[in-house]
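The block underneath contains the structure these notes are about, expressed in structure tokens.
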Amino acid sequence: MDAHGQLGAFLQARRAQLQPQDVGLPTYGDRRRVPGLRREELALLAGVSSSYYTRLEQGASCHASVEVLDAIARGLRLEETERLHLHDLATACRHRTTARRPPAERLAPAVRELVRSLDEVPVVVTGRRSDVLAWNSAGHALLAGHVDPTGPDRPADRPNMARLVFLDAHIRELYVDWTAKARAVVGNLRLVAGRHPQDARLTSLIGELTTRSPEFAGMWADHRVRACDTAEYELRHPLVGSLTVRQQTLTVPSEPEQSLVMVTATPGSASRAALRLLAQAIGAGSGTTAVAGTETTAEAEAGVRPSRRDADTADFSAPGGSGRQRR
């Protein structure tokens, strides 16, 4: 779907999810042919003409001002993340670009060093499209122990977390509330797709998931967006049993499209003990912990190791600082 189509589809989907009584409009007992608000009702709420809003939703106009977009966002009762997503879609609509196939993502030395140093804490680094760029042994064992641990070292073979969540039976079994995890993945992909409509690899991934997973197709169609900065999940792990963990996502300012996901459990809890047991089982903390995705090919051939200073000077921040949160 092109940028015009994405903008229109988002507006239509969110309009259909609101009833007149949700926004204080009278219904007078009239029978509606379509669910949700009518176009003229939303235009009234946003303070624009019905014809102008119709052109915007149909993709015939892509020049809405920031003020108009914010007014529409208020009319639709959008949350902040959703409002930013609407602006991203409108910006992409105004700037038509040809789909391109970007190069494989690379990991910054400081991030590699950080992953290496957190050997007992499960850590996974993902890229723009949810490709796994790196993970330590604990992260691999907790979230995808059945997958080749060296996959992140080879760009063509990198595991993709979105693909695993929807198409891998092991991951579906891992999450007790799989639906909540799946919706978080889709919501995050929606945000990324709004910012990068020209990304051919991302478009291909979404097309594959839509075709192969009816659940993904249904969730994608409702146009929900969600920034995943912190989430709590109950897991059924094949080695250590049931545990409840918190997945926290950090972004690196120098690589804003890459996310570092750290998994923790409440101190003193049975879940914390389970994580410790898993770390012992795989030898984490022994000084021999492996980290997949820790070197680029050139560095590996040259025998270059990232310096400790890279990690000491790196600036890692929670994703809420800029108002755009990523997973």
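In the structure tokens, each chain is lettered A, B, ... as it comes, each chain's residues begin at 1, and ligands are numbered from 1 in order of appearance.
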
Q: Could you give me, as a count of residues only, the residues within 8 Å of A:Gly151, counting only C-alpha atoms and dropping anything in the same chain fewer than 5 positions from it?
A: 5

Q: For stretch 40-44 of chain A, list every protein, DNA or RNA residue within 12 Å, evaluated using only C-alpha atoms, and leave out those in the same chain fewer than 2 positions away; present the list as a PyMOL selection string.
A: chain A and resi 11-12+14-16+18-27+36-38+46-57+68-69+71-77

Write a file of the selected residues as a CSV table (one decimal), in the first residue's frame, keeping N, CA and C atoms.
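As a result, result32.csv now contains:
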chain,number,residue,atom,x,y,z
A,11,LEU,N,-7.0,6.6,8.8
A,11,LEU,CA,-8.1,7.5,9.2
A,11,LEU,C,-9.5,6.7,9.2
A,12,GLN,N,-9.7,5.9,8.1
A,12,GLN,CA,-10.9,5.2,8.0
A,12,GLN,C,-11.1,4.2,9.2
A,14,ARG,N,-9.6,4.2,12.2
A,14,ARG,CA,-9.8,4.9,13.5
A,14,ARG,C,-11.2,5.6,13.6
A,15,ARG,N,-11.7,6.1,12.5
A,15,ARG,CA,-13.0,6.7,12.5
A,15,ARG,C,-14.1,5.6,12.8
A,16,ALA,N,-13.9,4.4,12.2
A,16,ALA,CA,-14.8,3.3,12.4
A,16,ALA,C,-14.9,2.8,13.8
A,18,LEU,N,-14.9,4.7,16.5
A,18,LEU,CA,-15.5,5.6,17.4
A,18,LEU,C,-17.0,5.7,17.1
A,19,GLN,N,-17.8,5.8,18.2
A,19,GLN,CA,-19.2,6.0,18.0
A,19,GLN,C,-19.6,7.5,18.4
A,20,PRO,N,-20.6,8.0,17.8
A,20,PRO,CA,-21.0,9.4,18.1
A,20,PRO,C,-21.0,9.7,19.6
A,21,GLN,N,-21.6,8.8,20.4
A,21,GLN,CA,-21.7,9.1,21.8
A,21,GLN,C,-20.3,9.1,22.5
A,22,ASP,N,-19.3,8.5,21.8
A,22,ASP,CA,-18.0,8.5,22.4
A,22,ASP,C,-17.4,9.9,22.4
A,23,VAL,N,-17.8,10.7,21.4
A,23,VAL,CA,-17.3,12.1,21.3
A,23,VAL,C,-18.3,13.2,21.5
A,24,GLY,N,-19.5,12.8,22.1
A,24,GLY,CA,-20.5,13.8,22.5
A,24,GLY,C,-21.4,14.2,21.4
A,25,LEU,N,-21.5,13.5,20.3
A,25,LEU,CA,-22.4,13.9,19.2
A,25,LEU,C,-23.7,13.1,19.4
A,26,PRO,N,-24.8,13.8,19.1
A,26,PRO,CA,-26.1,13.2,19.1
A,26,PRO,C,-26.3,12.2,17.9
A,27,THR,N,-27.2,11.2,18.1
A,27,THR,CA,-27.4,10.3,17.1
A,27,THR,C,-28.9,10.4,16.5
A,36,GLY,N,-19.2,3.3,13.2
A,36,GLY,CA,-18.4,4.5,13.7
A,36,GLY,C,-18.9,5.8,13.2
A,37,LEU,N,-18.0,6.8,13.3
A,37,LEU,CA,-18.3,8.1,12.9
A,37,LEU,C,-18.4,8.3,11.3
A,38,ARG,N,-19.3,9.2,10.9
A,38,ARG,CA,-19.3,9.5,9.5
A,38,ARG,C,-18.2,10.5,9.2
A,46,ALA,N,-13.2,18.2,13.9
A,46,ALA,CA,-11.9,18.8,13.6
A,46,ALA,C,-11.9,20.2,13.1
A,47,GLY,N,-13.1,20.7,12.9
A,47,GLY,CA,-13.2,22.1,12.4
A,47,GLY,C,-12.8,22.4,11.0
A,48,VAL,N,-13.0,21.3,10.1
A,48,VAL,CA,-12.6,21.5,8.7
A,48,VAL,C,-13.9,21.1,7.9
A,49,SER,N,-13.9,21.5,6.6
A,49,SER,CA,-15.0,21.2,5.8
A,49,SER,C,-15.1,19.7,5.5
A,50,SER,N,-16.3,19.2,5.3
A,50,SER,CA,-16.5,17.8,5.0
A,50,SER,C,-15.8,17.4,3.7
A,51,SER,N,-15.8,18.3,2.7
A,51,SER,CA,-15.2,18.0,1.4
A,51,SER,C,-13.7,17.9,1.6
A,52,TYR,N,-13.1,18.8,2.4
A,52,TYR,CA,-11.7,18.8,2.6
A,52,TYR,C,-11.2,17.5,3.3
A,53,TYR,N,-12.0,17.1,4.3
A,53,TYR,CA,-11.6,15.9,5.0
A,53,TYR,C,-11.7,14.7,4.1
A,54,THR,N,-12.8,14.6,3.3
A,54,THR,CA,-13.0,13.5,2.4
A,54,THR,C,-11.8,13.4,1.4
A,55,ARG,N,-11.3,14.5,0.9
A,55,ARG,CA,-10.2,14.5,0.0
A,55,ARG,C,-9.0,14.0,0.7
A,56,LEU,N,-8.8,14.3,2.0
A,56,LEU,CA,-7.6,13.9,2.7
A,56,LEU,C,-7.7,12.4,2.9
A,57,GLU,N,-8.9,11.9,3.3
A,57,GLU,CA,-9.0,10.5,3.6
A,57,GLU,C,-8.9,9.6,2.3
A,68,VAL,N,-4.2,21.2,11.4
A,68,VAL,CA,-5.3,20.4,11.0
A,68,VAL,C,-5.1,19.0,11.4
A,69,LEU,N,-3.9,18.4,11.2
A,69,LEU,CA,-3.7,17.1,11.6
A,69,LEU,C,-3.9,16.9,13.1
A,71,ALA,N,-5.9,18.7,15.0
A,71,ALA,CA,-7.3,18.8,15.2
A,71,ALA,C,-8.0,17.4,14.9
A,72,ILE,N,-7.6,16.8,13.8
A,72,ILE,CA,-8.2,15.5,13.4
A,72,ILE,C,-7.8,14.5,14.5
A,73,ALA,N,-6.6,14.5,15.0
A,73,ALA,CA,-6.1,13.6,16.0
A,73,ALA,C,-7.0,13.8,17.3
A,74,ARG,N,-7.3,15.0,17.6
A,74,ARG,CA,-8.2,15.3,18.8
A,74,ARG,C,-9.6,14.7,18.6
A,75,GLY,N,-10.1,14.9,17.3
A,75,GLY,CA,-11.4,14.4,17.0
A,75,GLY,C,-11.5,12.9,17.1
A,76,LEU,N,-10.4,12.2,16.7
A,76,LEU,CA,-10.3,10.8,16.8
A,76,LEU,C,-9.9,10.2,18.1
A,77,ARG,N,-9.6,11.1,19.1
A,77,ARG,CA,-9.2,10.7,20.4
A,77,ARG,C,-7.9,9.9,20.4

Q) Running DSSP on the backbone, which parts of stretch 135-224 of chain A land in alpha helix (DSSP H), as a ChimeraX atom specification? A) /A:137-144,161-167,169-174,178-195,200-212,214-221

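Atom to atom, atom CA of A:Leu118 and atom CA of A:Trp178 stand 26.9 Å apart.
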
So which residues touch A:Gly145 within 10 Å, counting only C-alpha atoms, skipping near sequence neighbours fewer than 5 positions away, as a PDB file with N, CA and C atoms, in the first residue's frame?
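Written file, out31.pdb:
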ATOM      1  N   SER A 137      24.057 -14.878  25.378  1.00  0.00           N
ATOM      2  CA  SER A 137      23.611 -16.252  25.581  1.00  0.00           C
ATOM      3  C   SER A 137      22.322 -16.316  26.380  1.00  0.00           C
ATOM      4  N   ALA A 138      22.191 -15.429  27.377  1.00  0.00           N
ATOM      5  CA  ALA A 138      20.983 -15.434  28.201  1.00  0.00           C
ATOM      6  C   ALA A 138      19.765 -15.011  27.390  1.00  0.00           C
ATOM      7  N   GLY A 139      19.923 -13.997  26.556  1.00  0.00           N
ATOM      8  CA  GLY A 139      18.809 -13.541  25.721  1.00  0.00           C
ATOM      9  C   GLY A 139      18.387 -14.597  24.732  1.00  0.00           C
ATOM     10  N   HIS A 140      19.357 -15.242  24.124  1.00  0.00           N
ATOM     11  CA  HIS A 140      19.044 -16.302  23.174  1.00  0.00           C
ATOM     12  C   HIS A 140      18.347 -17.471  23.866  1.00  0.00           C
ATOM     13  N   HIS A 170       7.183 -22.533  18.711  1.00  0.00           N
ATOM     14  CA  HIS A 170       7.870 -22.463  19.998  1.00  0.00           C
ATOM     15  C   HIS A 170       7.627 -21.115  20.676  1.00  0.00           C
ATOM     16  N   ILE A 171       7.694 -20.041  19.916  1.00  0.00           N
ATOM     17  CA  ILE A 171       7.479 -18.712  20.485  1.00  0.00           C
ATOM     18  C   ILE A 171       6.017 -18.538  20.886  1.00  0.00           C
ATOM     19  N   HIS A 237       8.720 -21.355  29.987  1.00  0.00           N
ATOM     20  CA  HIS A 237      10.005 -21.702  29.398  1.00  0.00           C
ATOM     21  C   HIS A 237      10.254 -23.198  29.491  1.00  0.00           C
ATOM     22  N   PRO A 238      10.750 -23.820  28.421  1.00  0.00           N
ATOM     23  CA  PRO A 238      10.939 -25.274  28.431  1.00  0.00           C
ATOM     24  C   PRO A 238      11.996 -25.762  29.417  1.00  0.00           C
ATOM     25  N   LEU A 239      12.911 -24.891  29.850  1.00  0.00           N
ATOM     26  CA  LEU A 239      13.966 -25.310  30.769  1.00  0.00           C
ATOM     27  C   LEU A 239      13.688 -24.935  32.216  1.00  0.00           C
TER      28      LEU A 239
END

Q: Show which residues sit within 10 Å of A:Arg183, as a VMD selection string. Count only C-alpha atoms, and ignore same-chain residues fewer than 6 positions away.
A: chain A and resid 189 215 to 216 219 to 220 224 to 226

Filtering to N, CA, C and O atoms, could you give me those residues as a CSV table (one decimal), in the first residue's frame?
chain,number,residue,atom,x,y,z
A,189,LEU,N,5.3,-2.4,14.4
A,189,LEU,CA,5.6,-2.4,13.0
A,189,LEU,C,4.8,-1.3,12.3
A,189,LEU,O,5.3,-0.8,11.3
A,215,GLU,N,-3.9,-14.2,11.9
A,215,GLU,CA,-3.9,-13.4,13.0
A,215,GLU,C,-3.2,-12.0,12.8
A,215,GLU,O,-3.7,-11.0,13.1
A,216,PHE,N,-2.0,-12.1,12.1
A,216,PHE,CA,-1.3,-10.9,11.7
A,216,PHE,C,-2.2,-10.0,10.8
A,216,PHE,O,-2.3,-8.8,11.0
A,219,MET,N,-4.9,-8.3,12.8
A,219,MET,CA,-4.4,-7.2,13.7
A,219,MET,C,-3.9,-6.0,12.8
A,219,MET,O,-4.0,-4.9,13.2
A,220,TRP,N,-3.3,-6.3,11.7
A,220,TRP,CA,-2.7,-5.3,10.9
A,220,TRP,C,-3.9,-4.4,10.3
A,220,TRP,O,-3.7,-3.2,10.2
A,224,ARG,N,-4.0,-0.3,14.6
A,224,ARG,CA,-3.6,0.1,16.0
A,224,ARG,C,-2.1,0.3,16.0
A,224,ARG,O,-1.3,-0.5,15.4
A,225,VAL,N,-1.6,1.4,16.6
A,225,VAL,CA,-0.2,1.6,16.8
A,225,VAL,C,0.2,1.6,18.2
A,225,VAL,O,-0.6,1.9,19.1
A,226,ARG,N,1.4,1.1,18.5
A,226,ARG,CA,1.8,1.0,19.9
A,226,ARG,C,3.3,1.1,20.0
A,226,ARG,O,4.0,0.4,19.2

Q) So how many Å separate atom CA of A:Leu143 and atom CA of A:Val124, to one decimal? A) 8.9 Å

Q: Measuring atom to atom with only C-alpha atoms, identify which of A:His63, A:Arg112, A:His85, A:Lys181 is nearest to A:Ala193.
A: A:His85

**Q.** In stretch 47-164 of chain A, DSSP strand (DSSP E) residues written as a count of residues only
**A.** 9

(Q) Taking 3 positions as the minimum chain separation for residues in the same chain, which residues sit within 8 Å of A:Gln258 when counting only C-alpha atoms? Answer as a PyMOL selection string. (A) chain A and resi 125-128+251-252+255

Please produce a file of the residues just selected, as a PDB file, in the first residue's frame, where the atoms kept are N, CA and C atoms.
ATOM      1  N   VAL A 125      19.268  -7.270  20.760  1.00  0.00           N
ATOM      2  CA  VAL A 125      19.300  -6.024  19.999  1.00  0.00           C
ATOM      3  C   VAL A 125      18.594  -6.261  18.672  1.00  0.00           C
ATOM      4  N   THR A 126      17.580  -5.450  18.412  1.00  0.00           N
ATOM      5  CA  THR A 126      16.829  -5.592  17.159  1.00  0.00           C
ATOM      6  C   THR A 126      16.971  -4.343  16.309  1.00  0.00           C
ATOM      7  N   GLY A 127      16.812  -4.522  15.007  1.00  0.00           N
ATOM      8  CA  GLY A 127      16.890  -3.409  14.077  1.00  0.00           C
ATOM      9  C   GLY A 127      15.518  -2.870  13.738  1.00  0.00           C
ATOM     10  N   ARG A 128      15.482  -2.025  12.724  1.00  0.00           N
ATOM     11  CA  ARG A 128      14.251  -1.351  12.317  1.00  0.00           C
ATOM     12  C   ARG A 128      13.117  -2.322  12.052  1.00  0.00           C
ATOM     13  N   THR A 251      16.775   2.855  23.391  1.00  0.00           N
ATOM     14  CA  THR A 251      17.264   3.215  22.063  1.00  0.00           C
ATOM     15  C   THR A 251      18.617   3.892  22.187  1.00  0.00           C
ATOM     16  N   VAL A 252      19.411   3.755  21.136  1.00  0.00           N
ATOM     17  CA  VAL A 252      20.740   4.367  21.093  1.00  0.00           C
ATOM     18  C   VAL A 252      20.671   5.592  20.200  1.00  0.00           C
ATOM     19  N   GLU A 255      22.065   5.386  16.790  1.00  0.00           N
ATOM     20  CA  GLU A 255      21.396   4.444  15.893  1.00  0.00           C
ATOM     21  C   GLU A 255      19.929   4.376  16.301  1.00  0.00           C
TER      22      GLU A 255
END

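Going from atom CA of A:Cys93 over to atom CA of A:Leu7, you cover 7.3 Å.
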
Q.
With only C-alpha atoms as the counted atoms, please give the residues lying no more than 10 Å from A:Thr266, apart from itself and same-chain residues fewer than 4 positions off, as a PyMOL selection string.
A. chain A and resi 244-246+270-273

(Q) Which residues are close to stretch 206-211 of chain A, i.e. within 9 Å by only C-alpha atoms, leaving aside same-chain residues fewer than 2 positions away? Reply as a list in words. (A) Ala162, Arg163, Phe166, Leu167, Leu189, Arg201, Leu202, Thr203, Ser204, Ser213, Pro214, Glu215, Phe216, Ala217, Gly218 and Trp220 of chain A

Residue subset to file, keeping all heavy atoms, as a compact mmCIF listing (two decimals), in the first residue's frame:
# COMPACT_ATOMS: atom_id res chain seq x y z
N ALA A 162 9.47 -10.48 14.74
CA ALA A 162 8.07 -10.43 14.29
C ALA A 162 7.69 -11.74 13.59
O ALA A 162 6.62 -12.31 13.83
CB ALA A 162 7.85 -9.25 13.35
N ARG A 163 8.59 -12.23 12.76
CA ARG A 163 8.34 -13.50 12.06
C ARG A 163 8.25 -14.66 13.07
O ARG A 163 7.40 -15.54 12.95
CB ARG A 163 9.44 -13.75 11.03
CG ARG A 163 9.16 -14.92 10.11
CD ARG A 163 10.27 -15.10 9.08
NE ARG A 163 10.21 -14.09 8.04
CZ ARG A 163 11.14 -13.15 7.85
NH1 ARG A 163 12.20 -13.09 8.66
NH2 ARG A 163 11.02 -12.27 6.87
N PHE A 166 4.83 -14.70 15.08
CA PHE A 166 3.64 -15.11 14.34
C PHE A 166 3.75 -16.47 13.66
O PHE A 166 2.72 -17.13 13.43
CB PHE A 166 3.26 -14.05 13.31
CG PHE A 166 2.54 -12.88 13.90
CD1 PHE A 166 3.22 -11.74 14.27
CD2 PHE A 166 1.16 -12.93 14.11
CE1 PHE A 166 2.56 -10.66 14.85
CE2 PHE A 166 0.50 -11.86 14.68
CZ PHE A 166 1.19 -10.73 15.05
N LEU A 167 4.95 -16.90 13.34
CA LEU A 167 5.08 -18.10 12.52
C LEU A 167 5.80 -19.25 13.21
O LEU A 167 5.88 -20.35 12.64
CB LEU A 167 5.82 -17.76 11.21
CG LEU A 167 5.22 -16.65 10.35
CD1 LEU A 167 6.06 -16.43 9.10
CD2 LEU A 167 3.78 -16.97 9.98
N LEU A 189 5.33 -2.41 14.44
CA LEU A 189 5.57 -2.43 12.99
C LEU A 189 4.79 -1.33 12.29
O LEU A 189 5.25 -0.75 11.30
CB LEU A 189 5.20 -3.79 12.41
CG LEU A 189 6.21 -4.92 12.56
CD1 LEU A 189 5.67 -6.21 11.95
CD2 LEU A 189 7.55 -4.56 11.91
N ARG A 201 12.35 -3.86 2.21
CA ARG A 201 12.48 -5.05 3.07
C ARG A 201 11.34 -5.11 4.08
O ARG A 201 10.78 -6.17 4.36
CB ARG A 201 13.83 -5.04 3.80
CG ARG A 201 15.04 -5.22 2.90
CD ARG A 201 16.32 -5.17 3.73
NE ARG A 201 17.51 -5.19 2.91
CZ ARG A 201 18.14 -6.30 2.53
NH1 ARG A 201 17.65 -7.47 2.89
NH2 ARG A 201 19.22 -6.23 1.78
N LEU A 202 10.99 -3.96 4.63
CA LEU A 202 9.89 -3.91 5.59
C LEU A 202 8.56 -4.25 4.91
O LEU A 202 7.75 -5.00 5.44
CB LEU A 202 9.82 -2.52 6.23
CG LEU A 202 8.70 -2.28 7.24
CD1 LEU A 202 8.82 -3.25 8.41
CD2 LEU A 202 8.73 -0.84 7.73
N THR A 203 8.36 -3.70 3.72
CA THR A 203 7.15 -3.99 2.97
C THR A 203 7.05 -5.48 2.66
O THR A 203 5.97 -6.09 2.76
CB THR A 203 7.13 -3.19 1.65
OG1 THR A 203 7.16 -1.80 1.95
CG2 THR A 203 5.89 -3.50 0.84
N SER A 204 8.17 -6.10 2.32
CA SER A 204 8.19 -7.53 2.03
C SER A 204 7.84 -8.34 3.28
O SER A 204 7.09 -9.33 3.21
CB SER A 204 9.56 -7.93 1.51
OG SER A 204 9.64 -9.32 1.29
N SER A 213 -0.07 -15.48 8.02
CA SER A 213 -0.68 -15.50 9.34
C SER A 213 -2.02 -14.76 9.34
O SER A 213 -2.04 -13.53 9.24
CB SER A 213 0.25 -14.86 10.38
OG SER A 213 -0.41 -14.66 11.61
N PRO A 214 -3.13 -15.46 9.46
CA PRO A 214 -4.43 -14.79 9.55
C PRO A 214 -4.52 -13.86 10.75
O PRO A 214 -5.16 -12.81 10.68
CB PRO A 214 -5.42 -15.95 9.67
CG PRO A 214 -4.71 -17.13 9.08
CD PRO A 214 -3.27 -16.93 9.43
N GLU A 215 -3.85 -14.25 11.86
CA GLU A 215 -3.87 -13.38 13.04
C GLU A 215 -3.17 -12.05 12.75
O GLU A 215 -3.66 -10.99 13.13
CB GLU A 215 -3.18 -14.06 14.23
CG GLU A 215 -3.90 -15.28 14.75
CD GLU A 215 -3.28 -16.56 14.24
OE1 GLU A 215 -2.68 -16.53 13.14
OE2 GLU A 215 -3.39 -17.58 14.94
N PHE A 216 -2.03 -12.12 12.08
CA PHE A 216 -1.34 -10.88 11.73
C PHE A 216 -2.19 -10.04 10.80
O PHE A 216 -2.31 -8.82 11.00
CB PHE A 216 0.00 -11.18 11.05
CG PHE A 216 0.77 -9.94 10.67
CD1 PHE A 216 1.64 -9.35 11.57
CD2 PHE A 216 0.60 -9.34 9.42
CE1 PHE A 216 2.34 -8.18 11.22
CE2 PHE A 216 1.28 -8.18 9.08
CZ PHE A 216 2.15 -7.61 9.99
N ALA A 217 -2.80 -10.65 9.79
CA ALA A 217 -3.63 -9.91 8.84
C ALA A 217 -4.76 -9.18 9.55
O ALA A 217 -5.06 -8.02 9.25
CB ALA A 217 -4.18 -10.85 7.78
N GLY A 218 -5.39 -9.86 10.52
CA GLY A 218 -6.48 -9.23 11.25
C GLY A 218 -6.02 -8.08 12.12
O GLY A 218 -6.66 -7.02 12.17
N TRP A 220 -3.25 -6.32 11.71
CA TRP A 220 -2.72 -5.26 10.85
C TRP A 220 -3.85 -4.39 10.30
O TRP A 220 -3.72 -3.18 10.16
CB TRP A 220 -1.92 -5.87 9.72
CG TRP A 220 -1.20 -4.88 8.87
CD1 TRP A 220 -1.53 -4.46 7.61
CD2 TRP A 220 0.00 -4.17 9.21
NE1 TRP A 220 -0.61 -3.54 7.15
CE2 TRP A 220 0.33 -3.33 8.11
CE3 TRP A 220 0.82 -4.16 10.34
CZ2 TRP A 220 1.45 -2.51 8.11
CZ3 TRP A 220 1.94 -3.33 10.34
CH2 TRP A 220 2.24 -2.52 9.24
